[in-house]
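Asks: Sharing data-v8.cif below, mmCIF, C-alpha atoms and all ligand atoms:
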```cif
data_protein
loop_
_atom_site.group_PDB
_atom_site.id
_atom_site.type_symbol
_atom_site.label_atom_id
_atom_site.label_comp_id
_atom_site.auth_asym_id
_atom_site.auth_seq_id
_atom_site.Cartn_x
_atom_site.Cartn_y
_atom_site.Cartn_z
ATOM 1 C CA MET A 1 -19.068 25.611 -8.450
ATOM 2 C CA GLU A 2 -19.860 21.870 -8.511
ATOM 3 C CA THR A 3 -17.934 20.118 -5.754
ATOM 4 C CA LEU A 4 -19.559 16.699 -5.682
ATOM 5 C CA ALA A 5 -18.043 13.846 -7.633
ATOM 6 C CA THR A 6 -19.962 12.787 -10.713
ATOM 7 C CA GLU A 7 -19.788 9.323 -12.293
ATOM 8 C CA THR A 8 -17.663 10.521 -15.210
ATOM 9 C CA GLU A 9 -15.093 12.234 -12.996
ATOM 10 C CA VAL A 10 -14.146 9.015 -11.256
ATOM 11 C CA THR A 11 -14.181 6.528 -14.087
ATOM 12 C CA SER A 12 -10.518 7.148 -14.865
ATOM 13 C CA MET A 13 -8.188 5.633 -12.337
ATOM 14 C CA PRO A 14 -4.641 4.315 -12.441
ATOM 15 C CA ARG A 15 -4.332 0.639 -13.208
ATOM 16 C CA ILE A 16 -1.699 -1.879 -12.225
ATOM 17 C CA GLY A 17 1.293 -1.333 -14.506
ATOM 18 C CA ASP A 18 0.549 2.365 -15.105
ATOM 19 C CA GLU A 19 2.901 5.137 -14.109
ATOM 20 C CA ALA A 20 1.567 6.731 -10.905
ATOM 21 C CA PRO A 21 -0.275 9.957 -11.840
ATOM 22 C CA LYS A 22 1.700 13.045 -10.880
ATOM 23 C CA PHE A 23 0.514 15.754 -8.493
ATOM 24 C CA LYS A 24 1.809 18.438 -6.165
ATOM 25 C CA ALA A 25 0.227 18.601 -2.716
ATOM 26 C CA VAL A 26 0.223 20.332 0.630
ATOM 27 C CA THR A 27 0.658 17.872 3.513
ATOM 28 C CA THR A 28 1.103 17.832 7.279
ATOM 29 C CA GLN A 29 4.837 17.365 6.603
ATOM 30 C CA GLY A 30 5.200 20.145 4.028
ATOM 31 C CA ASP A 31 4.732 20.212 0.269
ATOM 32 C CA ILE A 32 5.311 17.093 -1.818
ATOM 33 C CA ASN A 33 5.821 16.422 -5.480
ATOM 34 C CA PHE A 34 4.345 12.984 -6.119
ATOM 35 C CA PRO A 35 5.663 10.468 -7.117
ATOM 36 C CA ASP A 36 8.967 12.151 -8.029
ATOM 37 C CA ASP A 37 9.923 12.750 -4.374
ATOM 38 C CA TYR A 38 9.687 8.969 -3.855
ATOM 39 C CA LYS A 39 11.753 7.710 -6.808
ATOM 40 C CA GLY A 40 14.016 4.846 -5.705
ATOM 41 C CA GLU A 41 11.733 3.687 -2.905
ATOM 42 C CA TRP A 42 8.338 2.094 -2.568
ATOM 43 C CA VAL A 43 5.458 4.271 -1.469
ATOM 44 C CA ILE A 44 2.000 3.360 -0.233
ATOM 45 C CA LEU A 45 -0.490 6.111 -1.070
ATOM 46 C CA PHE A 46 -3.707 5.527 0.832
ATOM 47 C CA SER A 47 -6.947 7.433 1.298
ATOM 48 C CA HIS A 48 -9.385 7.540 4.183
ATOM 49 C CA PRO A 49 -12.921 8.995 4.264
ATOM 50 C CA ALA A 50 -12.556 11.780 6.825
ATOM 51 C CA ASP A 51 -10.650 13.156 9.794
ATOM 52 C CA PHE A 52 -12.195 12.755 13.269
ATOM 53 C CA THR A 53 -13.960 9.497 12.432
ATOM 54 C CA PRO A 54 -13.441 6.330 14.479
ATOM 55 C CA VAL A 55 -12.458 3.711 11.894
ATOM 56 C CA CYS A 56 -9.992 6.142 10.292
ATOM 57 C CA THR A 57 -8.573 6.969 13.720
ATOM 58 C CA SER A 58 -7.985 3.276 14.471
ATOM 59 C CA GLU A 59 -6.277 2.917 11.075
ATOM 60 C CA PHE A 60 -3.996 5.908 11.571
ATOM 61 C CA ILE A 61 -2.871 4.721 14.989
ATOM 62 C CA THR A 62 -2.139 1.269 13.557
ATOM 63 C CA PHE A 63 -0.341 2.510 10.440
ATOM 64 C CA ALA A 64 1.709 5.096 12.354
ATOM 65 C CA ASN A 65 2.723 2.394 14.816
ATOM 66 C CA LEU A 66 3.951 0.239 11.905
ATOM 67 C CA GLU A 67 5.646 3.070 9.994
ATOM 68 C CA SER A 68 9.223 2.133 10.946
ATOM 69 C CA LYS A 69 8.571 -1.459 9.840
ATOM 70 C CA PHE A 70 7.468 -0.207 6.413
ATOM 71 C CA ASN A 71 10.399 2.234 6.238
ATOM 72 C CA LYS A 72 12.827 -0.646 6.901
ATOM 73 C CA ALA A 73 11.348 -2.330 3.834
ATOM 74 C CA ASN A 74 12.249 0.786 1.803
ATOM 75 C CA CYS A 75 8.638 1.942 1.785
ATOM 76 C CA LYS A 76 7.192 5.334 2.700
ATOM 77 C CA LEU A 77 3.573 6.012 3.677
ATOM 78 C CA VAL A 78 1.439 8.893 2.399
ATOM 79 C CA GLY A 79 -2.182 9.442 3.464
ATOM 80 C CA LEU A 80 -4.957 11.527 1.917
ATOM 81 C CA SER A 81 -8.471 12.643 2.713
ATOM 82 C CA ILE A 82 -10.845 15.309 1.424
ATOM 83 C CA ASP A 83 -10.195 17.555 4.413
ATOM 84 C CA GLY A 84 -8.120 20.693 4.907
ATOM 85 C CA LEU A 85 -4.674 21.021 6.420
ATOM 86 C CA TYR A 86 -5.849 22.492 9.737
ATOM 87 C CA SER A 87 -8.379 19.705 10.223
ATOM 88 C CA HIS A 88 -5.571 17.187 9.575
ATOM 89 C CA ILE A 89 -3.276 18.895 12.071
ATOM 90 C CA ALA A 90 -5.999 19.085 14.735
ATOM 91 C CA TRP A 91 -6.976 15.431 14.219
ATOM 92 C CA LEU A 92 -3.380 14.150 14.406
ATOM 93 C CA ARG A 93 -2.820 16.176 17.595
ATOM 94 C CA THR A 94 -5.991 14.700 19.122
ATOM 95 C CA ILE A 95 -4.876 11.192 18.195
ATOM 96 C CA LYS A 96 -1.535 11.736 19.944
ATOM 97 C CA ASP A 97 -2.960 13.427 23.025
ATOM 98 C CA LYS A 98 -6.173 11.515 23.679
ATOM 99 C CA ILE A 99 -6.773 8.299 21.778
ATOM 100 C CA GLU A 100 -5.711 4.805 22.766
ATOM 101 C CA PHE A 101 -6.446 1.880 20.454
ATOM 102 C CA ASN A 102 -5.458 -1.775 20.884
ATOM 103 C CA GLY A 103 -2.907 -0.816 23.545
ATOM 104 C CA MET A 104 -1.306 1.861 21.337
ATOM 105 C CA LYS A 105 -1.300 5.384 22.757
ATOM 106 C CA ASN A 106 0.576 8.708 22.390
ATOM 107 C CA VAL A 107 1.026 7.761 18.748
ATOM 108 C CA GLU A 108 2.547 10.478 16.597
ATOM 109 C CA VAL A 109 1.686 10.316 12.901
ATOM 110 C CA LYS A 110 4.944 11.293 11.213
ATOM 111 C CA PHE A 111 4.097 10.430 7.614
ATOM 112 C CA PRO A 112 2.541 13.104 5.371
ATOM 113 C CA LEU A 113 -1.223 13.477 5.247
ATOM 114 C CA ILE A 114 -2.357 15.282 2.079
ATOM 115 C CA GLU A 115 -5.072 17.943 2.129
ATOM 116 C CA ASP A 116 -7.392 17.509 -0.814
ATOM 117 C CA ILE A 117 -10.332 19.829 -0.315
ATOM 118 C CA SER A 118 -10.618 20.301 -4.099
ATOM 119 C CA MET A 119 -10.858 16.472 -4.521
ATOM 120 C CA GLU A 120 -8.449 16.821 -7.427
ATOM 121 C CA ILE A 121 -6.069 14.084 -6.274
ATOM 122 C CA ALA A 122 -8.841 11.797 -5.028
ATOM 123 C CA LYS A 123 -10.471 11.995 -8.462
ATOM 124 C CA LYS A 124 -7.158 11.413 -10.249
ATOM 125 C CA TYR A 125 -6.632 8.205 -8.294
ATOM 126 C CA GLY A 126 -10.222 6.910 -8.413
ATOM 127 C CA MET A 127 -10.509 7.258 -4.650
ATOM 128 C CA LEU A 128 -13.970 8.801 -4.976
ATOM 129 C CA GLN A 129 -16.529 6.149 -5.781
ATOM 130 C CA PRO A 130 -19.943 7.887 -5.865
ATOM 131 C CA GLY A 131 -21.937 4.704 -5.244
ATOM 132 C CA GLU A 132 -20.254 4.602 -1.826
ATOM 133 C CA SER A 133 -19.937 8.357 -1.169
ATOM 134 C CA LYS A 134 -19.912 11.472 -3.320
ATOM 135 C CA THR A 135 -17.874 13.490 -0.825
ATOM 136 C CA GLN A 136 -15.636 11.040 1.049
ATOM 137 C CA ALA A 137 -12.822 8.955 -0.386
ATOM 138 C CA VAL A 138 -13.089 5.191 -0.030
ATOM 139 C CA ARG A 139 -10.231 3.363 1.710
ATOM 140 C CA ALA A 140 -7.886 2.958 -1.258
ATOM 141 C CA VAL A 141 -4.344 1.579 -1.043
ATOM 142 C CA PHE A 142 -1.924 2.112 -3.946
ATOM 143 C CA PHE A 143 1.424 0.299 -3.883
ATOM 144 C CA ILE A 144 3.884 2.236 -6.066
ATOM 145 C CA ASP A 145 7.327 0.824 -6.776
ATOM 146 C CA PRO A 146 10.726 2.593 -6.947
ATOM 147 C CA LYS A 147 10.214 3.332 -10.669
ATOM 148 C CA SER A 148 6.849 5.001 -9.882
ATOM 149 C CA THR A 149 4.818 2.148 -11.378
ATOM 150 C CA VAL A 150 1.521 1.200 -9.728
ATOM 151 C CA ARG A 151 2.010 -2.422 -8.667
ATOM 152 C CA ALA A 152 -1.096 -3.242 -6.617
ATOM 153 C CA ILE A 153 -4.332 -1.578 -5.590
ATOM 154 C CA ILE A 154 -6.718 -2.542 -2.795
ATOM 155 C CA TYR A 155 -10.057 -0.854 -2.126
ATOM 156 C CA TYR A 156 -12.186 -1.124 0.984
ATOM 157 C CA PRO A 157 -15.569 0.470 1.712
ATOM 158 C CA LEU A 158 -16.061 3.189 4.302
ATOM 159 C CA SER A 159 -17.171 0.884 7.105
ATOM 160 C CA LEU A 160 -14.270 -1.583 6.864
ATOM 161 C CA GLY A 161 -10.942 -0.901 8.572
ATOM 162 C CA ARG A 162 -7.945 -2.240 6.688
ATOM 163 C CA ASN A 163 -5.726 -5.175 7.661
ATOM 164 C CA PHE A 164 -2.222 -3.696 7.859
ATOM 165 C CA ASP A 165 -0.527 -7.083 8.225
ATOM 166 C CA GLU A 166 -1.916 -7.914 4.779
ATOM 167 C CA ILE A 167 -0.658 -4.607 3.371
ATOM 168 C CA TYR A 168 2.836 -5.397 4.718
ATOM 169 C CA ARG A 169 2.631 -8.992 3.466
ATOM 170 C CA ALA A 170 1.697 -7.787 -0.033
ATOM 171 C CA LEU A 171 4.615 -5.322 -0.044
ATOM 172 C CA ILE A 172 7.175 -7.966 0.971
ATOM 173 C CA ALA A 173 5.688 -10.481 -1.483
ATOM 174 C CA MET A 174 6.068 -8.047 -4.403
ATOM 175 C CA GLN A 175 9.613 -7.154 -3.343
ATOM 176 C CA THR A 176 10.429 -10.879 -3.112
ATOM 177 C CA ALA A 177 8.947 -11.545 -6.564
ATOM 178 C CA ASP A 178 11.126 -8.752 -8.006
ATOM 179 C CA ALA A 179 14.313 -9.732 -6.200
ATOM 180 C CA PHE A 180 14.164 -13.496 -6.816
ATOM 181 C CA ASN A 181 12.132 -13.721 -10.027
ATOM 182 C CA VAL A 182 9.461 -15.904 -8.433
ATOM 183 C CA ALA A 183 5.746 -15.683 -7.658
ATOM 184 C CA THR A 184 4.078 -16.233 -4.300
ATOM 185 C CA PRO A 185 1.154 -18.592 -3.682
ATOM 186 C CA ALA A 186 -2.013 -18.021 -1.675
ATOM 187 C CA ASP A 187 -1.440 -16.824 1.882
ATOM 188 C CA TRP A 188 2.340 -16.768 1.337
ATOM 189 C CA ASN A 189 4.599 -15.383 4.007
ATOM 190 C CA PRO A 190 8.423 -15.175 4.041
ATOM 191 C CA GLY A 191 9.813 -18.663 4.732
ATOM 192 C CA ASP A 192 7.044 -20.439 2.782
ATOM 193 C CA ASP A 193 7.867 -22.084 -0.553
ATOM 194 C CA VAL A 194 7.662 -19.826 -3.621
ATOM 195 C CA ILE A 195 6.362 -20.541 -7.123
ATOM 196 C CA VAL A 196 8.817 -20.922 -9.995
ATOM 197 C CA SER A 197 7.778 -19.136 -13.210
ATOM 198 C CA PRO A 198 5.888 -21.451 -15.599
ATOM 199 C CA ALA A 199 7.789 -23.645 -18.054
ATOM 200 C CA GLY A 200 7.887 -21.892 -21.419
ATOM 201 C CA SER A 201 8.727 -24.909 -23.562
ATOM 202 C CA CYS A 202 8.130 -28.662 -23.693
ATOM 203 C CA GLY A 203 11.823 -29.230 -22.923
ATOM 204 C CA VAL A 204 11.694 -27.130 -19.772
ATOM 205 C CA ALA A 205 8.430 -28.816 -18.756
ATOM 206 C CA GLU A 206 10.112 -32.227 -19.058
ATOM 207 C CA GLU A 207 13.203 -31.025 -17.191
ATOM 208 C CA ARG A 208 11.046 -29.663 -14.363
ATOM 209 C CA MET A 209 9.505 -33.102 -13.836
ATOM 210 C CA THR A 210 12.880 -34.841 -13.690
ATOM 211 C CA ASN A 211 14.853 -32.245 -11.666
ATOM 212 C CA THR A 212 13.647 -33.080 -8.191
ATOM 213 C CA ASP A 213 16.698 -31.701 -6.330
ATOM 214 C CA GLU A 214 15.780 -28.026 -6.294
ATOM 215 C CA LEU A 215 12.160 -28.044 -7.357
ATOM 216 C CA ASP A 216 9.023 -29.627 -5.979
ATOM 217 C CA CYS A 217 6.738 -30.067 -9.019
ATOM 218 C CA LYS A 218 3.148 -31.167 -8.437
ATOM 219 C CA ASP A 219 2.885 -31.167 -12.215
ATOM 220 C CA TRP A 220 4.921 -29.519 -14.998
ATOM 221 C CA PHE A 221 3.075 -26.193 -14.570
ATOM 222 C CA PHE A 222 3.051 -26.080 -10.769
ATOM 223 C CA CYS A 223 6.554 -26.073 -9.319
ATOM 224 C CA THR A 224 7.673 -24.601 -6.009
ATOM 225 C CA LYS A 225 11.063 -24.183 -4.385
ATOM 226 C CA LYS A 226 12.404 -23.278 -0.985
ATOM 227 C CA LEU A 227 13.439 -19.679 -0.344
ATOM 228 C CA ASP A 228 15.017 -18.972 2.984
ATOM 229 C CA LYS A 229 13.318 -16.282 5.040
ATOM 230 C CA ASP A 230 16.655 -14.743 6.081
ATOM 231 C CA GLU A 231 17.750 -14.541 2.439
ATOM 232 C CA ILE A 232 14.581 -12.587 1.644
ATOM 233 C CA LEU A 233 14.835 -10.279 4.618
ATOM 234 C CA LYS A 234 18.546 -9.613 3.922
ATOM 235 C CA LYS A 235 17.635 -8.479 0.430
ATOM 236 C CA VAL A 236 14.488 -6.459 1.069
ATOM 237 C CA LEU A 237 15.039 -4.984 4.521
ATOM 238 C CA LYS A 238 17.425 -2.112 5.222
ATOM 239 C CA SER A 239 19.905 -3.011 7.960
HETATM 240 C C1 LIG A 301 -15.004 5.987 10.143
HETATM 241 O O1 LIG A 301 -13.825 6.187 9.842
HETATM 242 O O2 LIG A 301 -15.357 5.653 11.256
HETATM 243 C C2 LIG A 301 -16.053 6.107 9.076
HETATM 244 C C3 LIG A 301 -15.918 7.081 8.097
HETATM 245 C C4 LIG A 301 -16.909 7.203 7.135
HETATM 246 C C5 LIG A 301 -18.003 6.374 7.168
HETATM 247 C C6 LIG A 301 -18.116 5.385 8.131
HETATM 248 C C7 LIG A 301 -17.135 5.256 9.100
#
```
Would you write the structure of this file as structure tokens?
Replies:
Amino acid sequence: METLATETEVTSMPRIGDEAPKFKAVTTQGDINFPDDYKGEWVILFSHPADFTPVCTSEFITFANLESKFNKANCKLVGLSIDGLYSHIAWLRTIKDKIEFNGMKNVEVKFPLIEDISMEIAKKYGMLQPGESKTQAVRAVFFIDPKSTVRAIIYYPLSLGRNFDEIYRALIAMQTADAFNVATPADWNPGDDVIVSPAGSCGVAEERMTNTDELDCKDWFFCTKKLDKDEILKKVLKS
């Protein structure tokens, strides 16, 4: 049986705006039915190359340490690698018992880690990129919204550990865009000004340039407004 990924097997991958591909999986927290088990909440599905590897270990400690912060933003975490369940269990136990990273220790990974020895899920989600590795998943991050739509995707190569502050920032930015019908500029963080959707008519363009109370327009197509950080957090964070 051929177990390595071929070019054609990985060319199909979910795109932004697609419904998240469905699968059933065995995880370290029991069986899951994805994405149906996560309807009504955000979920970050992420892959890592392998258990018992250092970069992945540093990522798991960091993500597990941030899990409650993501949960408060109505977001669950689900990991995946092309390893078996018993390897996952042994690795997570080792992390808790022995590994300290950046001052974090005794960290228990409570979110599900999917076993994917068959590579079926990794292939479905384009996590296998043969130019990088034919047997290990790249570091993929899929942001899936409460209606099971893929909203953002980030890929990193095997050697590069992810920035989890950026993953959280992206989540809150998308939730803010949905809740307030705005967009967020480069390097935005809650409390910074947000972008008002572009003027769709000449009349609105003219109005934007004359209404200086609420909007700050650099030009008719580039208008920002204030959005209070507390207002955002009240809306997107669970109390
Ligand atoms: C790591 O997690 O340390 C790693 C995994 C695969 C390739 C390179 C590094």
Asks: Apply the PyMOL selection byres (((chain A and resi 45) around 12) and not hetatm) to the displayed file and report the matching residues as a PDB file with C-alpha atoms, in the frame of the given file.
Replies:
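Contents of selection_28.pdb, freshly written:
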```pdb
ATOM      1  CA  ALA A  20       1.567   6.731 -10.905  1.00  0.00           C
ATOM      2  CA  PRO A  21      -0.275   9.957 -11.840  1.00  0.00           C
ATOM      3  CA  PHE A  34       4.345  12.984  -6.119  1.00  0.00           C
ATOM      4  CA  PRO A  35       5.663  10.468  -7.117  1.00  0.00           C
ATOM      5  CA  TYR A  38       9.687   8.969  -3.855  1.00  0.00           C
ATOM      6  CA  TRP A  42       8.338   2.094  -2.568  1.00  0.00           C
ATOM      7  CA  VAL A  43       5.458   4.271  -1.469  1.00  0.00           C
ATOM      8  CA  ILE A  44       2.000   3.360  -0.233  1.00  0.00           C
ATOM      9  CA  PHE A  46      -3.707   5.527   0.832  1.00  0.00           C
ATOM     10  CA  SER A  47      -6.947   7.433   1.298  1.00  0.00           C
ATOM     11  CA  HIS A  48      -9.385   7.540   4.183  1.00  0.00           C
ATOM     12  CA  CYS A  75       8.638   1.942   1.785  1.00  0.00           C
ATOM     13  CA  LYS A  76       7.192   5.334   2.700  1.00  0.00           C
ATOM     14  CA  LEU A  77       3.573   6.012   3.677  1.00  0.00           C
ATOM     15  CA  VAL A  78       1.439   8.893   2.399  1.00  0.00           C
ATOM     16  CA  GLY A  79      -2.182   9.442   3.464  1.00  0.00           C
ATOM     17  CA  LEU A  80      -4.957  11.527   1.917  1.00  0.00           C
ATOM     18  CA  SER A  81      -8.471  12.643   2.713  1.00  0.00           C
ATOM     19  CA  PHE A 111       4.097  10.430   7.614  1.00  0.00           C
ATOM     20  CA  PRO A 112       2.541  13.104   5.371  1.00  0.00           C
ATOM     21  CA  LEU A 113      -1.223  13.477   5.247  1.00  0.00           C
ATOM     22  CA  ILE A 114      -2.357  15.282   2.079  1.00  0.00           C
ATOM     23  CA  ILE A 121      -6.069  14.084  -6.274  1.00  0.00           C
ATOM     24  CA  ALA A 122      -8.841  11.797  -5.028  1.00  0.00           C
ATOM     25  CA  TYR A 125      -6.632   8.205  -8.294  1.00  0.00           C
ATOM     26  CA  MET A 127     -10.509   7.258  -4.650  1.00  0.00           C
ATOM     27  CA  ARG A 139     -10.231   3.363   1.710  1.00  0.00           C
ATOM     28  CA  ALA A 140      -7.886   2.958  -1.258  1.00  0.00           C
ATOM     29  CA  VAL A 141      -4.344   1.579  -1.043  1.00  0.00           C
ATOM     30  CA  PHE A 142      -1.924   2.112  -3.946  1.00  0.00           C
ATOM     31  CA  PHE A 143       1.424   0.299  -3.883  1.00  0.00           C
ATOM     32  CA  ILE A 144       3.884   2.236  -6.066  1.00  0.00           C
ATOM     33  CA  ASP A 145       7.327   0.824  -6.776  1.00  0.00           C
ATOM     34  CA  SER A 148       6.849   5.001  -9.882  1.00  0.00           C
ATOM     35  CA  VAL A 150       1.521   1.200  -9.728  1.00  0.00           C
ATOM     36  CA  ARG A 151       2.010  -2.422  -8.667  1.00  0.00           C
ATOM     37  CA  ALA A 152      -1.096  -3.242  -6.617  1.00  0.00           C
ATOM     38  CA  ILE A 153      -4.332  -1.578  -5.590  1.00  0.00           C
ATOM     39  CA  ILE A 154      -6.718  -2.542  -2.795  1.00  0.00           C
ATOM     40  CA  TYR A 155     -10.057  -0.854  -2.126  1.00  0.00           C
ATOM     41  CA  ILE A 167      -0.658  -4.607   3.371  1.00  0.00           C
TER      42      ILE A 167
END
```
Asks: State, in Å with one decimal place, the distance from atom CA of A:Gly126 to atom CA of A:Ser159.
Replies: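 Between these atoms lies a distance of 18.0 Å.
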Asks: Against ligand LIG 301 (chain A), which residues of chain A fall within 9 Å? For each one I want the closest pair of atoms and the distance in Å (one decimal), counting all atoms listed in the file, rows by chain and increasing residue number, as CSV.
Replies:
```
residue,atom,partner,partner_atom,distance
A:His48,CA,A:LIG301,O1,7.3
A:Pro49,CA,A:LIG301,C3,5.2
A:Ala50,CA,A:LIG301,C3,5.9
A:Asp51,CA,A:LIG301,O1,7.7
A:Phe52,CA,A:LIG301,O1,7.6
A:Thr53,CA,A:LIG301,O1,4.2
A:Pro54,CA,A:LIG301,O2,3.8
A:Val55,CA,A:LIG301,O1,3.5
A:Cys56,CA,A:LIG301,O1,3.9
A:Thr57,CA,A:LIG301,O1,6.6
A:Ser58,CA,A:LIG301,O1,8.0
A:Glu59,CA,A:LIG301,O1,8.3
A:Ser133,CA,A:LIG301,C5,8.8
A:Gln136,CA,A:LIG301,C4,7.3
A:Ala137,CA,A:LIG301,C4,8.7
A:Val138,CA,A:LIG301,C4,8.4
A:Pro157,CA,A:LIG301,C5,8.4
A:Leu158,CA,A:LIG301,C5,4.7
A:Ser159,CA,A:LIG301,C6,4.7
A:Leu160,CA,A:LIG301,C7,7.7
A:Gly161,CA,A:LIG301,O1,7.8
```
Asks: For this file, the PyMOL selection byres (((chain A and resi 92) around 12) and not hetatm) selects which residues, as a PyMOL selection string?
Replies: chain A and resi 28-29+51-53+56-58+60-61+64+79+85-91+93-99+106-113
Asks: List the residues selected by the PyMOL selection byres (((chain A and resi 164) around 9) and not hetatm) in the file shown, writing them as number ranges by chain.
Replies: A: 59, 62-63, 66, 162-163, 165-169
Asks: Work out how far apart atom CA of A:Gly84 and atom CA of A:Lys69 are and give it in Å to one decimal.
Replies: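 So the answer is 28.2 Å.
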Asks: How would you write as a ChimeraX atom specification the residues that get within 10 Å of (15.5, -4.6, 3.7) in the file's frame, counting all atoms listed in the file?
Replies: /A:69-75,172,175,232-239
Asks: Between atom CA of A:Asp213 and atom CA of A:Lys226, what distance in Å does the model show, to one decimal?
Replies: 10.9 Å
Asks: Could you check which of A:Glu41, A:Gly203, A:Phe23, A:Ile117 is closest to A:Leu171, using all atoms listed in the file?
Replies: A:Glu41
Asks: What's around A:Arg208 at 12 Å? Count all atoms listed in the file, leave out sequence neighbours fewer than 5 positions away in its own chain, and write the answer as a list in words.
Replies: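 Residues meeting the cut-off are Val196, Ser197, Pro198, Ala199, Gly200, Ser201, Cys202, Gly203, Asp213, Glu214, Leu215, Asp216, Cys217, Lys218, Asp219, Trp220, Phe221, Phe222, Cys223, Thr224 and Lys225 of chain A.
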Asks: Just need the box for stretch 158-176 of chain A, edges along x, y and z, holding every atom the file lists for it with 4 Å tacked onto each side, so centre and edge lengths in Å to one decimal, as JSON.
Replies:
```
{"center_x": -3.4, "center_y": -3.8, "center_z": 2.1, "size_x": 35.6, "size_y": 22.1, "size_z": 21.0}
```
Asks: Check the smallest atom-to-atom distance from each of A:Lys229, A:Asp37, A:Ile32, A:Glu100 to A:Asn65 using all atoms listed in the file, then report the winner.
Replies: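 Nearest candidate to A:Asn65 out of A:Lys229, A:Asp37, A:Ile32, A:Glu100: A:Glu100.
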Asks: Between A:Glu115, A:Asp83, A:Glu67, A:Glu120, which has the minimum distance to A:Gly30 (counting only C-alpha atoms)?
Replies: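 Of all the options, A:Glu115 lies closest to A:Gly30.
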Asks: For A:Met13, which residue among A:Pro190, A:Glu207, A:Phe180, A:Gln129 is the nearest when counting only C-alpha atoms?
Replies: A:Gln129
Asks: So, counting all atoms listed in the file, which residue among A:Asn102, A:Asp192, A:Tyr156, A:Pro146 is closest to A:Asp178?
Replies: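 Among A:Asn102, A:Asp192, A:Tyr156, A:Pro146, it is A:Pro146 that comes nearest to A:Asp178.
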